[in-house]
There are 2 protein chains.
Amino acid sequence: MADKPHVLIVGAGAIGGFYGAILQRAGARVSVVLRSDYAAVREAGFVIDSPLGDLSYRPDAVYYDGESAETIPDYVLCCVKVLPEVDRAALIAPWVGPDSCIVLIENGIDIEADIAAAFVDNPLISALAFIAVSRTGPGRIQHKAFGQLTLGAWPQGVSDACRALEVLLVAGGVKVKLAENVLAERWRKSLWNTPFNPLSVLAGGADTLTMLDSPGGEALVRDLMAEVMAVAAADGHPLPADAIDRNIAGTRQMPAYRNSMALDYLAGRAMEIDAILGNVVALAERHGVAVPRLRTLAATLAMRERLTTAPA
Amino acid sequence: MADKPHVLIVGAGAIGGFYGAILQRAGARVSVVLRSDYAAVREAGFVIDSPLGDLSYRPDAVYYDGESAETIPDYVLCCVKVLPEVDRAALIAPWVGPDSCIVLIENGIDIEADIAAAFVDNPLISALAFIAVSRTGPGRIQHKAFGQLTLGAWPQGVSDACRALEVLLVAGGVKVKLAENVLAERWRKSLWNTPFNPLSVLAGGADTLTMLDSPGGEALVRDLMAEVMAVAAADGHPLPADAIDRNIAGTRQMPAYRNSMALDYLAGRAMEIDAILGNVVALAERHGVAVPRLRTLAATLAMRERLTTAPA
């Protein structure tokens with residue numbers, strides 16, 4: 001790795017744009033690859049409002065999707081949505097050098113295998129962002145709270161690349177949790193996301209407390225969480241017995257909250273249904289775990305998707 | 001019963017207005033009780049477009065909800081939606097004489113008990129309409145197809161009142177099926193309605209083929225039907241083993257079809273969620289039958305209802 005590490009971010013939306021700011025503050029060379037926001041960011045960089053201060057910055061290079069970089073990145077951060085119609089491996093392929101470390105900062109379960117298969121010789125880091133951040137316009141980002149990254153080597157362990165990335169991120173101002181078993185961390189997050197995200201969509205964009213406080217609502221969320229726990233355990237990542245109680249209690253302590261899928265739904269944006277729910281159901285199938293409630297949500301969402309995407 | 005039987009219809013919307021036409025054609029005196037369409041029907045009667053011909057008619061009396069009838073009806077037809085916020089017993093009470101036979105032409109499971117409890121001495125007929133009919137404006141009805149009524153005494157048997165009503169209906173031009181066990185008939189209809197109606201709402205108003213043909217769609221519908229069959233059997237009304245196959249095949253033979261709850265949903269009207277789904281889940285609870293998928297639909301619909309009815 002050169003003295004000044006080179007980080008290239010594919011899909012620099014709210015999350016990618018934010019971590020780019022952090023890494024540039026830490027002294028890294030930060031390149032971004034953009035499509036719809038290319039012109040705006042090339043013109044004026046990123047404008048980022050944050051409780052950490054003004055994080056606005058100009059990337060060291062702004063590439064359009066399909067171009068190629070002058071220098072090979074040490075890290076390629078993949079921050080695009082995980083959608084069936086998006087070939088993420090193809091998106092990052094032009095930017096990945098023989099020694100580039102690939103970092104997935106994305107939601108969901110079982111989202112690494114495609115990338116690992118496409119880049120068998122590259123180190124792969126799986127990362128989860130705990131952050132409230134949104135894109136308010138081309139190149140404009142509002143960072144509201146948090147920012148911690150949980151990361152680990154895929155499928156397990158903490159590599160030197162993880163530690164080097166941690167040093168940069170901490171220098172830039174965010175907390176990092178290094179995870180010996182990052183897949184267990186994904187399941188921990190899935191315990192909340194997999195029930196609440198699809199439910200909020202089927203309930204018309206409902207917030208957390210609307211869901212918990214409607215008749216049968218909390219009972220359903222708990223039953224769905226129990227199904228997720230059963231799949232996690234079958235997949236080798238048992239969660240603590242009190243995980244459901246703690247998740248429900250924690251959710252009740254927060255103000256009513258619309259999750260990311262609810263916001264995508266209300267804005268008419270593509271939703272990460274497979275990453276959050278479909279892949280969990282697929283793993284349940286593979287492990288022979290009965291998940292009738294998760295399957296009900298998945299099939300109902302598929303009906304809705306078919307309806308809204310069918311030609312008129 | 002007088003020579004000219006008196007039929008009074010409470011809630012003369014599309015269905016009540018249609019059967020009023022049939023019964024008046026058969027020689028009955030037909031009174032209707034209205035609220036929103038009172039002025040229009042008082043002024044111009046019902047205008048009914050039908051494959052049976054022009055069924056337009058003026059009721060023999062048009063009452064406003066809260067008035068009282070000059071003559072006691074032989075039959076009080078209750079054709080209002082079954083909704084938790086509507087006290088149907090209170091709605092029909094002013095019109096029910098000591099010998100009036102109450103006829104419920106309504107959808108759903110377990111919708112008779114409240115009425116039976118409120119009118120313990122009156123004969124009660126439970127009836128299911130197989131009809132495609134809709135209200136196109138105040139007093140204006142479009143009858144598209146069918147019209148058969150399946151009816152029987154509640155909770156079982158075929159009474160003289162059933163046979164007398166059959167004679168009238170057949171004379172007026174519709175088919176009647178007398179059912180020794182009308183509750184079994186309700187379960188037969190519920191096998192289709194209880195899965196498809198709520199699913200269509202959660203799927204955003206999807207039609208039958210969109211639901212069946214989406215990934216996991218037919219499997220979910222079949223699993224939901226199996227849950228309904230288990231509840232029906234526990235409630236004393238086992239359905240034939242091939243009922244699910246026949247329902248799916250029959251649905252696939254019909255053109256893509258939006259059910260009544262989907263239409264109510266798309267029009268922003270109240271939906272008969274309890275009559276179609278909630279009462280089935282309640283019976284499952286009473287009989288100790290596990291219905292995880294039906295519960296998932298019910299709780300998710302409750303979230304949606306809470307969201308859309310909550311004060312802004």
# chains A, B, ... in the order shown; residues from 1 in each chain; ligands from 1
>>> select_by_dssp(residues="region 131-166 of chain A", states="strand (DSSP E)", output="VMD selection string")
chain A and resid 131 to 137 140 to 153
>>> calpha_fit_and_write(fixed="chain A", moving="chain B", output="mmCIF file with C-alpha atoms, in the first residue's frame")
data_model
loop_
_atom_site.group_PDB
_atom_site.id
_atom_site.type_symbol
_atom_site.label_atom_id
_atom_site.label_comp_id
_atom_site.auth_asym_id
_atom_site.auth_seq_id
_atom_site.Cartn_x
_atom_site.Cartn_y
_atom_site.Cartn_z
ATOM 1 C CA MET B 1 0.042 0.030 0.060
ATOM 2 C CA ALA B 2 1.385 3.442 -0.867
ATOM 3 C CA ASP B 3 1.972 6.048 1.822
ATOM 4 C CA LYS B 4 -1.317 7.678 0.946
ATOM 5 C CA PRO B 5 -3.868 4.896 0.601
ATOM 6 C CA HIS B 6 -6.253 5.123 -2.325
ATOM 7 C CA VAL B 7 -9.911 4.427 -1.603
ATOM 8 C CA LEU B 8 -12.311 4.237 -4.518
ATOM 9 C CA ILE B 9 -16.042 4.296 -3.824
ATOM 10 C CA VAL B 10 -18.511 2.724 -6.228
ATOM 11 C CA GLY B 11 -22.005 4.053 -5.698
ATOM 12 C CA ALA B 12 -21.210 7.169 -3.721
ATOM 13 C CA GLY B 13 -24.710 7.996 -2.533
ATOM 14 C CA ALA B 14 -25.458 8.997 1.036
ATOM 15 C CA ILE B 15 -23.443 6.253 2.694
ATOM 16 C CA GLY B 16 -20.545 6.112 0.229
ATOM 17 C CA GLY B 17 -20.311 9.879 0.067
ATOM 18 C CA PHE B 18 -20.233 10.128 3.853
ATOM 19 C CA TYR B 19 -17.461 7.568 4.354
ATOM 20 C CA GLY B 20 -15.523 9.200 1.534
ATOM 21 C CA ALA B 21 -15.497 12.396 3.583
ATOM 22 C CA ILE B 22 -14.319 10.519 6.653
ATOM 23 C CA LEU B 23 -11.540 8.768 4.756
ATOM 24 C CA GLN B 24 -10.329 11.901 3.012
ATOM 25 C CA ARG B 25 -10.228 13.659 6.389
ATOM 26 C CA ALA B 26 -8.027 10.772 7.531
ATOM 27 C CA GLY B 27 -5.563 11.444 4.727
ATOM 28 C CA ALA B 28 -6.652 8.945 2.106
ATOM 29 C CA ARG B 29 -6.890 9.679 -1.581
ATOM 30 C CA VAL B 30 -10.624 9.303 -2.292
ATOM 31 C CA SER B 31 -12.032 8.601 -5.738
ATOM 32 C CA VAL B 32 -15.699 8.140 -6.462
ATOM 33 C CA VAL B 33 -17.570 6.467 -9.305
ATOM 34 C CA LEU B 34 -20.933 7.975 -10.095
ATOM 35 C CA ARG B 35 -23.690 7.851 -12.590
ATOM 36 C CA SER B 36 -26.658 10.141 -11.913
ATOM 37 C CA ASP B 37 -24.781 12.540 -9.613
ATOM 38 C CA TYR B 38 -21.614 12.644 -11.723
ATOM 39 C CA ALA B 39 -22.008 16.170 -13.085
ATOM 40 C CA ALA B 40 -22.990 17.721 -9.772
ATOM 41 C CA VAL B 41 -20.132 16.142 -7.804
ATOM 42 C CA ARG B 42 -17.572 16.866 -10.534
ATOM 43 C CA GLU B 43 -18.713 20.476 -10.419
ATOM 44 C CA ALA B 44 -19.035 21.097 -6.697
ATOM 45 C CA GLY B 45 -17.954 18.019 -4.790
ATOM 46 C CA PHE B 46 -20.049 16.696 -1.944
ATOM 47 C CA VAL B 47 -21.909 19.061 0.349
ATOM 48 C CA ILE B 48 -22.421 17.262 3.641
ATOM 49 C CA ASP B 49 -24.269 18.638 6.615
ATOM 50 C CA SER B 50 -23.336 16.694 9.740
ATOM 51 C CA PRO B 51 -23.244 16.896 13.521
ATOM 52 C CA LEU B 52 -19.523 16.201 13.066
ATOM 53 C CA GLY B 53 -19.237 19.601 11.366
ATOM 54 C CA ASP B 54 -19.058 20.558 7.711
ATOM 55 C CA LEU B 55 -17.887 17.390 5.977
ATOM 56 C CA SER B 56 -18.102 18.843 2.487
ATOM 57 C CA TYR B 57 -15.234 17.741 0.241
ATOM 58 C CA ARG B 58 -14.034 17.370 -3.306
ATOM 59 C CA PRO B 59 -13.043 13.821 -4.161
ATOM 60 C CA ASP B 60 -9.491 13.461 -5.535
ATOM 61 C CA ALA B 61 -11.046 11.961 -8.651
ATOM 62 C CA VAL B 62 -14.606 11.703 -9.945
ATOM 63 C CA TYR B 63 -15.206 8.959 -12.462
ATOM 64 C CA TYR B 64 -18.214 8.142 -14.541
ATOM 65 C CA ASP B 65 -19.383 4.553 -14.400
ATOM 66 C CA GLY B 66 -17.503 2.783 -17.225
ATOM 67 C CA GLU B 67 -14.305 4.849 -17.087
ATOM 68 C CA SER B 68 -11.123 3.466 -15.525
ATOM 69 C CA ALA B 69 -8.905 4.760 -12.762
ATOM 70 C CA GLU B 70 -5.368 6.112 -13.257
ATOM 71 C CA THR B 71 -4.155 4.398 -10.120
ATOM 72 C CA ILE B 72 -5.227 1.078 -8.728
ATOM 73 C CA PRO B 73 -7.181 1.483 -5.491
ATOM 74 C CA ASP B 74 -6.051 -0.123 -2.252
ATOM 75 C CA TYR B 75 -9.706 -0.323 -1.213
ATOM 76 C CA VAL B 76 -12.747 -0.524 -3.426
ATOM 77 C CA LEU B 77 -15.817 0.359 -1.355
ATOM 78 C CA CYS B 78 -19.010 -1.030 -2.823
ATOM 79 C CA CYS B 79 -21.935 1.040 -1.508
ATOM 80 C CA VAL B 80 -24.628 0.272 -4.061
ATOM 81 C CA LYS B 81 -28.023 -1.165 -3.210
ATOM 82 C CA VAL B 82 -28.232 -4.940 -3.320
ATOM 83 C CA LEU B 83 -30.877 -5.547 -5.968
ATOM 84 C CA PRO B 84 -31.453 -8.572 -8.223
ATOM 85 C CA GLU B 85 -31.265 -6.370 -11.315
ATOM 86 C CA VAL B 86 -27.906 -4.854 -10.332
ATOM 87 C CA ASP B 87 -24.776 -6.884 -11.117
ATOM 88 C CA ARG B 88 -22.536 -5.489 -8.395
ATOM 89 C CA ALA B 89 -19.572 -7.649 -9.409
ATOM 90 C CA ALA B 90 -19.717 -6.177 -12.914
ATOM 91 C CA LEU B 91 -20.053 -2.674 -11.488
ATOM 92 C CA ILE B 92 -16.881 -2.861 -9.417
ATOM 93 C CA ALA B 93 -14.848 -5.090 -11.795
ATOM 94 C CA PRO B 94 -13.267 -2.232 -13.799
ATOM 95 C CA TRP B 95 -11.836 -0.719 -10.602
ATOM 96 C CA VAL B 96 -10.554 -3.780 -8.784
ATOM 97 C CA GLY B 97 -6.796 -4.410 -9.134
ATOM 98 C CA PRO B 98 -5.017 -7.664 -8.263
ATOM 99 C CA ASP B 99 -4.342 -6.492 -4.712
ATOM 100 C CA SER B 100 -7.362 -4.295 -4.137
ATOM 101 C CA CYS B 101 -9.305 -5.057 -0.999
ATOM 102 C CA ILE B 102 -13.043 -5.060 -1.652
ATOM 103 C CA VAL B 103 -15.228 -3.580 1.088
ATOM 104 C CA LEU B 104 -18.977 -4.146 0.996
ATOM 105 C CA ILE B 105 -20.854 -1.502 3.009
ATOM 106 C CA GLU B 106 -24.302 -2.857 2.334
ATOM 107 C CA ASN B 107 -27.357 -4.279 4.028
ATOM 108 C CA GLY B 108 -28.593 -7.810 4.093
ATOM 109 C CA ILE B 109 -27.839 -11.457 4.520
ATOM 110 C CA ASP B 110 -25.746 -13.609 2.164
ATOM 111 C CA ILE B 111 -24.715 -10.655 0.015
ATOM 112 C CA GLU B 112 -20.991 -11.516 -0.186
ATOM 113 C CA ALA B 113 -20.909 -14.825 -2.046
ATOM 114 C CA ASP B 114 -21.412 -13.385 -5.546
ATOM 115 C CA ILE B 115 -18.616 -10.888 -5.030
ATOM 116 C CA ALA B 116 -16.275 -13.452 -3.466
ATOM 117 C CA ALA B 117 -16.861 -15.800 -6.393
ATOM 118 C CA ALA B 118 -16.094 -13.077 -8.923
ATOM 119 C CA PHE B 119 -12.892 -11.935 -7.165
ATOM 120 C CA VAL B 120 -11.457 -15.093 -5.640
ATOM 121 C CA ASP B 121 -7.971 -13.627 -5.132
ATOM 122 C CA ASN B 122 -8.970 -10.335 -3.562
ATOM 123 C CA PRO B 123 -9.382 -9.833 0.164
ATOM 124 C CA LEU B 124 -12.989 -9.131 1.001
ATOM 125 C CA ILE B 125 -14.305 -7.107 3.922
ATOM 126 C CA SER B 126 -17.940 -7.186 4.904
ATOM 127 C CA ALA B 127 -19.178 -4.076 6.694
ATOM 128 C CA LEU B 128 -22.364 -2.833 8.285
ATOM 129 C CA ALA B 129 -23.093 0.844 8.690
ATOM 130 C CA PHE B 130 -25.023 2.037 11.724
ATOM 131 C CA ILE B 131 -25.854 5.484 10.522
ATOM 132 C CA ALA B 132 -28.717 7.852 9.830
ATOM 133 C CA VAL B 133 -27.837 9.574 6.599
ATOM 134 C CA SER B 134 -29.765 10.541 3.486
ATOM 135 C CA ARG B 135 -29.172 12.032 0.077
ATOM 136 C CA THR B 136 -31.047 15.299 -0.209
ATOM 137 C CA GLY B 137 -30.000 16.119 -3.775
ATOM 138 C CA PRO B 138 -27.216 15.462 -6.303
ATOM 139 C CA GLY B 139 -24.022 15.461 -4.242
ATOM 140 C CA ARG B 140 -25.912 16.727 -1.210
ATOM 141 C CA ILE B 141 -25.994 14.604 1.900
ATOM 142 C CA GLN B 142 -27.541 15.074 5.292
ATOM 143 C CA HIS B 143 -25.849 13.118 8.046
ATOM 144 C CA LYS B 144 -28.143 13.010 11.041
ATOM 145 C CA ALA B 145 -26.585 10.668 13.545
ATOM 146 C CA PHE B 146 -24.250 7.788 14.252
ATOM 147 C CA GLY B 147 -21.741 6.470 11.760
ATOM 148 C CA GLN B 148 -20.228 3.394 13.346
ATOM 149 C CA LEU B 149 -19.004 0.708 11.003
ATOM 150 C CA THR B 150 -18.878 -2.917 12.042
ATOM 151 C CA LEU B 151 -16.485 -4.788 9.806
ATOM 152 C CA GLY B 152 -14.627 -8.026 9.449
ATOM 153 C CA ALA B 153 -13.002 -10.189 6.825
ATOM 154 C CA TRP B 154 -15.335 -12.443 4.907
ATOM 155 C CA PRO B 155 -16.284 -15.106 5.820
ATOM 156 C CA GLN B 156 -14.604 -14.552 9.174
ATOM 157 C CA GLY B 157 -11.595 -13.201 10.995
ATOM 158 C CA VAL B 158 -9.997 -9.794 11.280
ATOM 159 C CA SER B 159 -7.378 -9.223 8.590
ATOM 160 C CA ASP B 160 -4.575 -6.661 8.373
ATOM 161 C CA ALA B 161 -6.683 -4.876 5.784
ATOM 162 C CA CYS B 162 -9.487 -4.623 8.353
ATOM 163 C CA ARG B 163 -7.121 -3.091 10.898
ATOM 164 C CA ALA B 164 -5.652 -0.634 8.404
ATOM 165 C CA LEU B 165 -9.145 0.471 7.376
ATOM 166 C CA GLU B 166 -10.108 0.816 11.030
ATOM 167 C CA VAL B 167 -7.139 3.146 11.620
ATOM 168 C CA LEU B 168 -8.259 5.376 8.755
ATOM 169 C CA LEU B 169 -11.889 5.468 9.781
ATOM 170 C CA VAL B 170 -11.115 6.245 13.400
ATOM 171 C CA ALA B 171 -8.681 8.963 12.322
ATOM 172 C CA GLY B 172 -11.499 10.393 10.187
ATOM 173 C CA GLY B 173 -13.856 10.515 13.125
ATOM 174 C CA VAL B 174 -16.099 7.443 13.228
ATOM 175 C CA LYS B 175 -16.195 4.470 15.519
ATOM 176 C CA VAL B 176 -15.295 1.041 14.247
ATOM 177 C CA LYS B 177 -16.134 -2.349 15.630
ATOM 178 C CA LEU B 178 -13.889 -5.108 14.345
ATOM 179 C CA ALA B 179 -15.835 -8.355 14.175
ATOM 180 C CA GLU B 180 -14.191 -11.780 14.233
ATOM 181 C CA ASN B 181 -17.495 -13.085 12.923
ATOM 182 C CA VAL B 182 -19.064 -10.439 10.758
ATOM 183 C CA LEU B 183 -21.777 -12.810 9.533
ATOM 184 C CA ALA B 184 -23.068 -13.110 13.084
ATOM 185 C CA GLU B 185 -23.216 -9.305 13.102
ATOM 186 C CA ARG B 186 -25.268 -9.415 9.924
ATOM 187 C CA TRP B 187 -27.696 -11.841 11.545
ATOM 188 C CA ARG B 188 -27.921 -9.581 14.579
ATOM 189 C CA LYS B 189 -28.971 -6.716 12.335
ATOM 190 C CA SER B 190 -31.236 -8.986 10.297
ATOM 191 C CA LEU B 191 -33.152 -9.880 13.434
ATOM 192 C CA TRP B 192 -34.549 -6.347 13.335
ATOM 193 C CA ASN B 193 -34.484 -5.556 9.622
ATOM 194 C CA THR B 194 -35.980 -8.759 8.258
ATOM 195 C CA PRO B 195 -39.274 -8.425 10.155
ATOM 196 C CA PHE B 196 -39.630 -4.663 10.352
ATOM 197 C CA ASN B 197 -38.595 -3.613 6.858
ATOM 198 C CA PRO B 198 -40.991 -5.776 4.811
ATOM 199 C CA LEU B 199 -43.795 -5.302 7.326
ATOM 200 C CA SER B 200 -43.525 -1.548 7.050
ATOM 201 C CA VAL B 201 -43.951 -1.754 3.276
ATOM 202 C CA LEU B 202 -46.932 -4.105 3.406
ATOM 203 C CA ALA B 203 -48.473 -1.882 6.074
ATOM 204 C CA GLY B 204 -48.269 1.090 3.724
ATOM 205 C CA GLY B 205 -45.120 2.715 5.099
ATOM 206 C CA ALA B 206 -45.915 2.293 8.789
ATOM 207 C CA ASP B 207 -43.431 3.381 11.453
ATOM 208 C CA THR B 208 -42.137 1.155 14.251
ATOM 209 C CA LEU B 209 -44.664 2.071 16.935
ATOM 210 C CA THR B 210 -47.631 1.869 14.583
ATOM 211 C CA MET B 211 -46.487 -1.663 13.803
ATOM 212 C CA LEU B 212 -45.865 -2.718 17.396
ATOM 213 C CA ASP B 213 -49.010 -1.148 18.809
ATOM 214 C CA SER B 214 -51.575 -2.410 16.307
ATOM 215 C CA PRO B 215 -53.621 -5.489 17.291
ATOM 216 C CA GLY B 216 -51.415 -8.568 17.004
ATOM 217 C CA GLY B 217 -48.519 -6.379 15.847
ATOM 218 C CA GLU B 218 -45.920 -7.026 18.516
ATOM 219 C CA ALA B 219 -46.834 -10.732 18.574
ATOM 220 C CA LEU B 220 -46.256 -10.966 14.838
ATOM 221 C CA VAL B 221 -42.940 -9.103 15.025
ATOM 222 C CA ARG B 222 -41.803 -11.459 17.784
ATOM 223 C CA ASP B 223 -42.869 -14.530 15.797
ATOM 224 C CA LEU B 224 -41.041 -13.229 12.730
ATOM 225 C CA MET B 225 -37.920 -12.580 14.819
ATOM 226 C CA ALA B 226 -38.114 -16.126 16.168
ATOM 227 C CA GLU B 227 -38.135 -17.411 12.589
ATOM 228 C CA VAL B 228 -35.075 -15.290 11.759
ATOM 229 C CA MET B 229 -33.306 -16.623 14.854
ATOM 230 C CA ALA B 230 -34.043 -20.201 13.803
ATOM 231 C CA VAL B 231 -32.510 -19.592 10.381
ATOM 232 C CA ALA B 232 -29.499 -17.823 11.886
ATOM 233 C CA ALA B 233 -28.897 -20.752 14.235
ATOM 234 C CA ALA B 234 -29.235 -23.268 11.404
ATOM 235 C CA ASP B 235 -26.751 -21.172 9.440
ATOM 236 C CA GLY B 236 -24.241 -21.446 12.284
ATOM 237 C CA HIS B 237 -24.867 -18.110 13.968
ATOM 238 C CA PRO B 238 -27.097 -18.599 17.013
ATOM 239 C CA LEU B 239 -28.232 -15.358 18.605
ATOM 240 C CA PRO B 240 -28.608 -14.865 22.358
ATOM 241 C CA ALA B 241 -31.870 -16.114 23.860
ATOM 242 C CA ASP B 242 -32.891 -12.627 24.995
ATOM 243 C CA ALA B 243 -32.244 -11.023 21.610
ATOM 244 C CA ILE B 244 -35.932 -10.634 20.782
ATOM 245 C CA ASP B 245 -36.859 -9.049 24.113
ATOM 246 C CA ARG B 246 -33.935 -6.661 23.821
ATOM 247 C CA ASN B 247 -34.824 -5.685 20.244
ATOM 248 C CA ILE B 248 -38.451 -5.021 21.097
ATOM 249 C CA ALA B 249 -37.531 -3.050 24.218
ATOM 250 C CA GLY B 250 -34.927 -1.050 22.299
ATOM 251 C CA THR B 251 -37.400 -0.259 19.535
ATOM 252 C CA ARG B 252 -39.985 0.892 22.058
ATOM 253 C CA GLN B 253 -37.440 3.197 23.672
ATOM 254 C CA MET B 254 -36.780 4.974 20.382
ATOM 255 C CA PRO B 255 -39.207 7.486 18.871
ATOM 256 C CA ALA B 256 -41.493 6.109 16.147
ATOM 257 C CA TYR B 257 -39.204 5.419 13.228
ATOM 258 C CA ARG B 258 -39.616 4.719 9.519
ATOM 259 C CA ASN B 259 -36.985 2.259 8.347
ATOM 260 C CA SER B 260 -35.026 2.485 5.091
ATOM 261 C CA MET B 261 -37.289 0.146 3.168
ATOM 262 C CA ALA B 262 -40.366 2.102 4.242
ATOM 263 C CA LEU B 263 -38.693 5.285 2.997
ATOM 264 C CA ASP B 264 -37.726 3.624 -0.282
ATOM 265 C CA TYR B 265 -41.290 2.383 -0.649
ATOM 266 C CA LEU B 266 -42.836 5.782 0.040
ATOM 267 C CA ALA B 267 -40.410 7.429 -2.405
ATOM 268 C CA GLY B 268 -41.048 4.833 -5.108
ATOM 269 C CA ARG B 269 -37.423 3.668 -5.053
ATOM 270 C CA ALA B 270 -36.197 0.101 -5.526
ATOM 271 C CA MET B 271 -36.226 -1.928 -2.306
ATOM 272 C CA GLU B 272 -33.623 -4.411 -1.063
ATOM 273 C CA ILE B 273 -36.220 -7.137 -0.591
ATOM 274 C CA ASP B 274 -33.964 -10.072 -1.459
ATOM 275 C CA ALA B 275 -31.023 -8.885 0.615
ATOM 276 C CA ILE B 276 -33.218 -8.277 3.662
ATOM 277 C CA LEU B 277 -35.832 -11.013 3.332
ATOM 278 C CA GLY B 278 -35.509 -13.228 0.257
ATOM 279 C CA ASN B 279 -32.015 -14.463 1.111
ATOM 280 C CA VAL B 280 -33.163 -15.363 4.635
ATOM 281 C CA VAL B 281 -36.042 -17.401 3.198
ATOM 282 C CA ALA B 282 -33.635 -19.058 0.739
ATOM 283 C CA LEU B 283 -31.298 -20.030 3.595
ATOM 284 C CA ALA B 284 -34.266 -21.369 5.549
ATOM 285 C CA GLU B 285 -35.108 -23.539 2.566
ATOM 286 C CA ARG B 286 -31.514 -24.745 2.301
ATOM 287 C CA HIS B 287 -31.384 -25.615 6.001
ATOM 288 C CA GLY B 288 -34.903 -27.059 6.179
ATOM 289 C CA VAL B 289 -36.182 -24.457 8.631
ATOM 290 C CA ALA B 290 -39.913 -23.672 8.512
ATOM 291 C CA VAL B 291 -40.538 -19.932 8.142
ATOM 292 C CA PRO B 292 -44.254 -19.663 7.300
ATOM 293 C CA ARG B 293 -44.548 -16.026 8.364
ATOM 294 C CA LEU B 294 -41.430 -14.834 6.528
ATOM 295 C CA ARG B 295 -42.638 -16.718 3.441
ATOM 296 C CA THR B 296 -45.998 -15.006 3.711
ATOM 297 C CA LEU B 297 -44.305 -11.610 3.721
ATOM 298 C CA ALA B 298 -41.996 -12.563 0.860
ATOM 299 C CA ALA B 299 -44.722 -13.927 -1.405
ATOM 300 C CA THR B 300 -47.022 -10.998 -0.667
ATOM 301 C CA LEU B 301 -44.255 -8.505 -1.448
ATOM 302 C CA ALA B 302 -43.557 -10.393 -4.667
ATOM 303 C CA MET B 303 -47.215 -9.964 -5.655
ATOM 304 C CA ARG B 304 -46.949 -6.257 -4.972
ATOM 305 C CA GLU B 305 -43.737 -5.993 -6.992
ATOM 306 C CA ARG B 306 -45.299 -7.907 -9.872
ATOM 307 C CA LEU B 307 -48.291 -5.601 -9.810
ATOM 308 C CA THR B 308 -46.301 -2.374 -9.745
ATOM 309 C CA THR B 309 -43.713 -3.420 -12.305
ATOM 310 C CA ALA B 310 -46.058 -5.136 -14.786
ATOM 311 C CA PRO B 311 -46.632 -3.312 -18.087
ATOM 312 C CA ALA B 312 -49.857 -1.352 -17.950
#
>>> select_by_dssp(residues="region 84-231 of chain A", states="alpha helix (DSSP H)", output="number ranges by chain")
A: 88-92, 113-118, 160-172, 182-202, 208-213, 217-231
>>> decode(residues="region 201-221 of chain B", atoms="C-alpha atoms", output="PDB file, in the first residue's frame")
ATOM      1  CA  VAL B 201     -55.075  -5.561  -0.438  1.00  0.00           C
ATOM      2  CA  LEU B 202     -51.583  -6.153   0.934  1.00  0.00           C
ATOM      3  CA  ALA B 203     -50.340  -6.599  -2.629  1.00  0.00           C
ATOM      4  CA  GLY B 204     -51.667  -3.159  -3.527  1.00  0.00           C
ATOM      5  CA  GLY B 205     -54.912  -4.199  -5.211  1.00  0.00           C
ATOM      6  CA  ALA B 206     -53.522  -7.118  -7.206  1.00  0.00           C
ATOM      7  CA  ASP B 207     -55.808  -9.287  -9.331  1.00  0.00           C
ATOM      8  CA  THR B 208     -56.047 -13.074  -9.088  1.00  0.00           C
ATOM      9  CA  LEU B 209     -53.511 -13.986 -11.764  1.00  0.00           C
ATOM     10  CA  THR B 210     -50.960 -11.440 -10.589  1.00  0.00           C
ATOM     11  CA  MET B 211     -51.206 -13.097  -7.184  1.00  0.00           C
ATOM     12  CA  LEU B 212     -51.010 -16.677  -8.432  1.00  0.00           C
ATOM     13  CA  ASP B 213     -48.239 -16.059 -10.941  1.00  0.00           C
ATOM     14  CA  SER B 214     -45.806 -14.092  -8.786  1.00  0.00           C
ATOM     15  CA  PRO B 215     -42.888 -16.013  -7.228  1.00  0.00           C
ATOM     16  CA  GLY B 216     -44.200 -18.096  -4.335  1.00  0.00           C
ATOM     17  CA  GLY B 217     -47.711 -16.763  -4.974  1.00  0.00           C
ATOM     18  CA  GLU B 218     -49.638 -19.930  -5.721  1.00  0.00           C
ATOM     19  CA  ALA B 219     -47.759 -21.780  -2.960  1.00  0.00           C
ATOM     20  CA  LEU B 220     -48.771 -19.130  -0.451  1.00  0.00           C
ATOM     21  CA  VAL B 221     -52.406 -19.149  -1.585  1.00  0.00           C
TER      22      VAL B 221
END
